[in-house]
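Report on the following structure.
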Amino acid sequence: MEYKLADFKTQVHNDWCAGCGDFGILNAIQMSLYELEIPPHQAAIFSGIGCSGKTPHFINTFGIHTLHGRVLPFAQGAKLANPNLKILAVGGDGDGLGIGSGHFVNSGRRNIDITYIIYNNGVYGLTKGQASPTLKLGMKTKSLPQPNVNDSINPIALACISGFTYIARGYSYDIKHLKEVIKKGIEHSGLSFIDVLQPCPTYNDINTKEWYQSFTLDENNPSIKIPKIYKLEEEGYNGVVDNDEEPSDKIIKAIEKSKEWENRIPVGVFYENKNTPTYEERLQSRINNYKEYPPALQTIKDENGNPNINIDRLIDELRTK
Amino acid sequence: MVISRESISWVIGGPQGSGVDSASHIFLKSIAMSGLNVFGKREYHSNIKGEHSYFSVRFSNQIVRSPVDDIDILVTFDAETIVRHSPFVLKGGIMIYDPDVIGKKIEDINTLDESSEKRISDILKSKSKEFSLAGIIEELKERKVILVELPYTKLINKFSEQIQDHTLSKLARITNVMSLAASLAVLDFDILLMEQGILDTFANKPKIAELNVKAANYTYSYVKEKFGAIPEKFSFVTKIHNEVNGSSIIAQGNQTSPLGKMVAGCRFQTYYPITPATDDSEYLESNQILDQKDKNNGSVAVIQTEDEIAAITMAIGAALTGVRACTTTSGPGFSLMAEALGWAGINEVPLLVSLYQRAGPSTGLPTRQEQGDLLFAINAGHGELPRIVYSSGDIEESFYDTIRVFNYADIFQTPVIHMLDKYLSNSIITCSPFEYKNLKIERGKILEGKSIDIKQQGFSDHFKRFKLSDDPISLRVPLGTENGIFWNTGDEHDEMGHITEDPETRISMMEKRLSKLELIQSRIPEEEQITIEFENNASDNVKKLMVIVSWGSTKGAILDSLEKITEADDTTQFLYLQIKLLNPFPARLLEDIVSNKIEKLNTIDKSSSSIETIVTIIEMNYLSQLDVLLKQNTTLRSDHNILKYNGRPMSHTEIYNSLINIINNQSERRVILKNGV
């Protein structure tokens, strides 16, 4: 059966603010699924809490809107129980890097084949604009009573040292580019992380659409406008680990790149390593039919409703005679 | 007081890491192989090496379900074990000890706790003995305790000469097998069974097994030569041998629940390391490849997570794919799971939490027993959700209950908390092999198959996961089902699973979920909710009805005590009820059982005076949490509460004594038990 883009949309009323960056991400996800020809029922989108958490309700795939900060373990549990599913996880920067940061780091250690997208806008929007873990130190958005007293997390660098095997960034108003970054993430076999710069028009009056889309003038030639956001691949950066290459060299380069901010903000693929075994492959090495006969697809009872298992061997081990 | 002379109580103690566990394993296995029944329990500190640990075993020609405080045979490796446990050795009992430790000063044992030091000091003072190990030995001699000296170092040296192996570092580890062989020698126990017990324990290490067998035989003969005549009262052990027919198994609590999970079809379990719950997951992971009846291999994915929040949420994520999923934890971990439990409740996800209780609050006594989490299990999480709280009374039951609780989770599409505890987890019993082949797996309303026929299932255009109808349980499909797309959210939701704040829908959904509580009570068979564990045939002139109510693992000690009491007393009618379903609480059923019993007794008893009813609640916590539930839900009022919260399980000895006091009208309302080392 062929699917149309419309098949990936629901009729649920979308209550995000006008001009919210989330719309671009939602569109990019729907387009990615459509273009990759993933049947809607074979995908499940998990989300955390906040404005971004509502995403699954607008997408016609299985949609699991979980708890604040816990999207990754929910999503990983589903993937490990049924590795045939395409699993996406989405959430805000507060959700994933504040309350959920432990899961972020530990997911990297597993490298389960799911794609995680953070809607990064520097604020907790749904609770009216408190500072999130990605807001820079000393910034005072209009909703803050005082400038931000905490330093910020660098999500790309954190993903690099946590073990994510596909690390990229997109910008929510460049849907075409974002869509390609997401598609690559979905196609990547392993844990993908996509940091999406996403202006919150209501509470973040610093990192606005205008700010992201502004230019600086070349010092030597003021007639040349240098855009703030640039694409890594257009400037000769290649974050993909080749077969004969040390992943750590590429990780260090990706971290260096991730520090660029203010006047020049890179988007695109920072790092990709296809050589790290996924958690599913690690399980497969212990359970040789894991992928073809995963937990969710096992037959646990016979036609009479009795257990489809024989534990006589284990009971024999306990016998006294 | 001395009870149960037909059973023998054996205790082995020493510093953690000294081999107490393997020695007790060999002992248990050897004894069980002779056809005797055993009950064993392990006590240990939250420590890796050095602190005192011990294993106590009770064995008998009859069923034994609990420990006693008295000791018939005490096996010691060090001075501390002598100080802590020798006061409990009975007259005519035996203590096996290393004479080299007698020089140790009691005040130099820095792992000794104050209560043990005070106990021995008081005894020695009252007997006018010196405060020293020599004083203890003298006191034991006076009490006619048989002292078996086992000079480990000397024996090891002689043994190593005999076998021409001088690698003493390796041989130092054989002290445990020597002590065990000495215990079996004083029982005149079958030496071949001892050898088999050793071979079984070191099944994967043939060389070590061989060495241990030799050392055991060496020690056995040494002790036999020196201490020829065994006490008459132990002779039943050799007489019984081979009298008991039929095969039985010897199983630990931390094996039986995971075995139940395999049978139930649990194929996904998560955990974060915590005592005493982790053993369950380790057993499951060690045996994760499963033999199926259809000759395929099944498997259980056992996932260690970064914390308990990840553990429960990962299990929920897995459950959404249709697999039977479980997370296993103890109090501190369960505290972290409370929020996610609510998510599973509002989204009607079948989920099992195996809750191995330990003494709280906070870190509490991490390796010790308590039943302190009952009210928490019932109330954990904000808001109102239907959940089942179900408890197992013993190790054997925990196997069968595990299959039940998975069925409940599926049938009622809601989280189930299976209450277990440290005592069950770390105890070991002989019981009948599990009859599992005819057990039923009931998955409730779940669609099995790759796609759903929307029209056939009565949906107009789209599958509705939370369809409102007369039945609060709606059809569930696994993630990945064609035409079965649904949504879940922790927010209140509509039939599709989308967020709603509509007041009418809210009412419908609250009623859909919470009416499950009534459904649960009406659909779970009564005998699975409350079990009548004991009822004696009292004489016609019965004067008292003693109703005992408990939940969980105090069952064994209560049953052992009631059997003993009713051997001598037939003027008291006992009715012992075990509440297995703790939420929703089977209030009416409990009231009916008790009132029917009273009515029945009054009909039999034609005399004018009516029968006095005494209600006693027995549980391991301070507040008497079961009593709180009784007051909250029923008209029954307790007369006595037998409680304990020192971290040590209730013994047969102390429950027996407490019940006798109640019968004789010599008991306080609240009876606080304090025994245990």
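Chain labels run A, B, ... following the order of the structure tokens; each chain numbers its residues from 1, and ligands are numbered from 1 in the order shown.
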Using 6 Å as the limit and counting only C-alpha atoms, can you tabulate each residue of chain B that touches chain A, with its shortest atom-to-atom distance in Å and the two atoms involved, as a Markdown table?
| residue | atom | partner | partner_atom | distance |
| --- | --- | --- | --- | --- |
| B:Ala32 | CA | A:Thr320 | CA | 5.7 |
| B:Met33 | CA | A:Thr320 | CA | 4.8 |
| B:Ser248 | CA | A:Arg319 | CA | 5.9 |
| B:Ile249 | CA | A:Arg319 | CA | 4.1 |
| B:Ile250 | CA | A:Leu318 | CA | 5.4 |
| B:Val263 | CA | A:Pro307 | CA | 5.9 |
| B:Gly265 | CA | A:Ile300 | CA | 5.0 |
| B:Arg267 | CA | A:Pro295 | CA | 5.2 |
| B:Asp291 | CA | A:Asn310 | CA | 5.4 |
| B:Gln292 | CA | A:Ile309 | CA | 4.1 |
| B:Lys293 | CA | A:Ile309 | CA | 5.1 |
| B:Ala310 | CA | A:Pro73 | CA | 5.2 |
| B:Thr313 | CA | A:Phe74 | CA | 4.9 |
| B:Met314 | CA | A:Gly77 | CA | 4.0 |
| B:Ala315 | CA | A:Gly77 | CA | 5.9 |
| B:Gly317 | CA | A:Phe74 | CA | 4.4 |
| B:Ala318 | CA | A:Ala78 | CA | 4.2 |
| B:Thr321 | CA | A:Ala296 | CA | 5.8 |
| B:Gly322 | CA | A:Ala296 | CA | 5.6 |
| B:Val323 | CA | A:Ala296 | CA | 4.5 |
| B:Asn438 | CA | A:Asn306 | CA | 5.7 |
| B:Leu439 | CA | A:Asn306 | CA | 5.7 |
| B:Lys440 | CA | A:Asn306 | CA | 5.0 |
| B:Ile441 | CA | A:Gly305 | CA | 5.4 |
| B:Gly480 | CA | A:Gln42 | CA | 4.9 |
| B:Glu482 | CA | A:His41 | CA | 5.4 |
| B:Ile485 | CA | A:Phe62 | CA | 5.0 |
| B:Phe486 | CA | A:Phe62 | CA | 5.4 |
| B:Trp487 | CA | A:Gly63 | CA | 4.6 |
| B:Asn488 | CA | A:Ile64 | CA | 4.7 |
| B:Thr489 | CA | A:His65 | CA | 4.4 |
With C-alpha atoms retained, could you export that selection as a PDB file, in the first residue's frame?
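Saved the output as result_38.pdb:
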ATOM      1  CA  ALA B  32      17.507 -32.685  51.739  1.00  0.00           C
ATOM      2  CA  MET B  33      18.907 -35.589  49.731  1.00  0.00           C
ATOM      3  CA  SER B 248      11.041 -32.962  46.264  1.00  0.00           C
ATOM      4  CA  ILE B 249      12.931 -29.860  45.283  1.00  0.00           C
ATOM      5  CA  ILE B 250      14.934 -27.447  47.356  1.00  0.00           C
ATOM      6  CA  VAL B 263       6.192 -20.085  32.954  1.00  0.00           C
ATOM      7  CA  GLY B 265       5.483 -15.871  29.708  1.00  0.00           C
ATOM      8  CA  ARG B 267       9.874 -12.167  28.368  1.00  0.00           C
ATOM      9  CA  ASP B 291      13.050 -24.374  26.220  1.00  0.00           C
ATOM     10  CA  GLN B 292       9.666 -24.152  24.555  1.00  0.00           C
ATOM     11  CA  LYS B 293       7.278 -27.039  24.236  1.00  0.00           C
ATOM     12  CA  ALA B 310      14.203   3.878  33.749  1.00  0.00           C
ATOM     13  CA  THR B 313       9.339   3.093  32.261  1.00  0.00           C
ATOM     14  CA  MET B 314      11.317   0.695  30.072  1.00  0.00           C
ATOM     15  CA  ALA B 315       9.133  -2.160  31.273  1.00  0.00           C
ATOM     16  CA  GLY B 317       7.369   0.681  26.987  1.00  0.00           C
ATOM     17  CA  ALA B 318       7.943  -3.032  26.468  1.00  0.00           C
ATOM     18  CA  THR B 321       4.382  -4.083  22.450  1.00  0.00           C
ATOM     19  CA  GLY B 322       2.312  -6.889  23.956  1.00  0.00           C
ATOM     20  CA  VAL B 323       5.044  -8.713  25.854  1.00  0.00           C
ATOM     21  CA  ASN B 438      -1.678 -27.310  33.270  1.00  0.00           C
ATOM     22  CA  LEU B 439      -1.620 -23.774  34.604  1.00  0.00           C
ATOM     23  CA  LYS B 440      -3.600 -21.300  32.552  1.00  0.00           C
ATOM     24  CA  ILE B 441      -2.229 -18.224  30.889  1.00  0.00           C
ATOM     25  CA  GLY B 480       2.832  -2.385  15.413  1.00  0.00           C
ATOM     26  CA  GLU B 482      -1.994  -2.748  11.394  1.00  0.00           C
ATOM     27  CA  ILE B 485      -2.930   2.856  15.810  1.00  0.00           C
ATOM     28  CA  PHE B 486      -3.635   4.356  19.219  1.00  0.00           C
ATOM     29  CA  TRP B 487      -2.293   7.059  21.443  1.00  0.00           C
ATOM     30  CA  ASN B 488      -1.294   7.062  25.068  1.00  0.00           C
ATOM     31  CA  THR B 489      -0.723  10.052  27.287  1.00  0.00           C
TER      32      THR B 489
END
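In this model, the gap between CA of Arg404 in chain B and CA of Arg443 in chain B comes to 10.9 Å.
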note - CA of Glu280 in chain A and CA of Pro83 in chain A are separated by 7.5 Å
If we count only C-alpha atoms, what is near Ile524 in chain B at a cut-off of 12 Å, once residues fewer than 6 positions away on the same chain are taken out, given as a PyMOL selection string? chain B and resi 388+390+404-405+407-409+411-412+516-518+530+580-581+583-586+589
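Selecting strand (DSSP E or B) from the backbone DSSP output for range 284-373 of chain B yields Ile289, Leu290, Asp291, Asn297, Gly298, Ser299, Ala301, Val302, Ile303, Gln304, Arg324, Ala325, Cys326, Thr327, Thr328, Thr329, Leu351, Leu352, Val353, Ser354, Leu355, Tyr356, Gln357, Ala359 and Leu365 of chain B.
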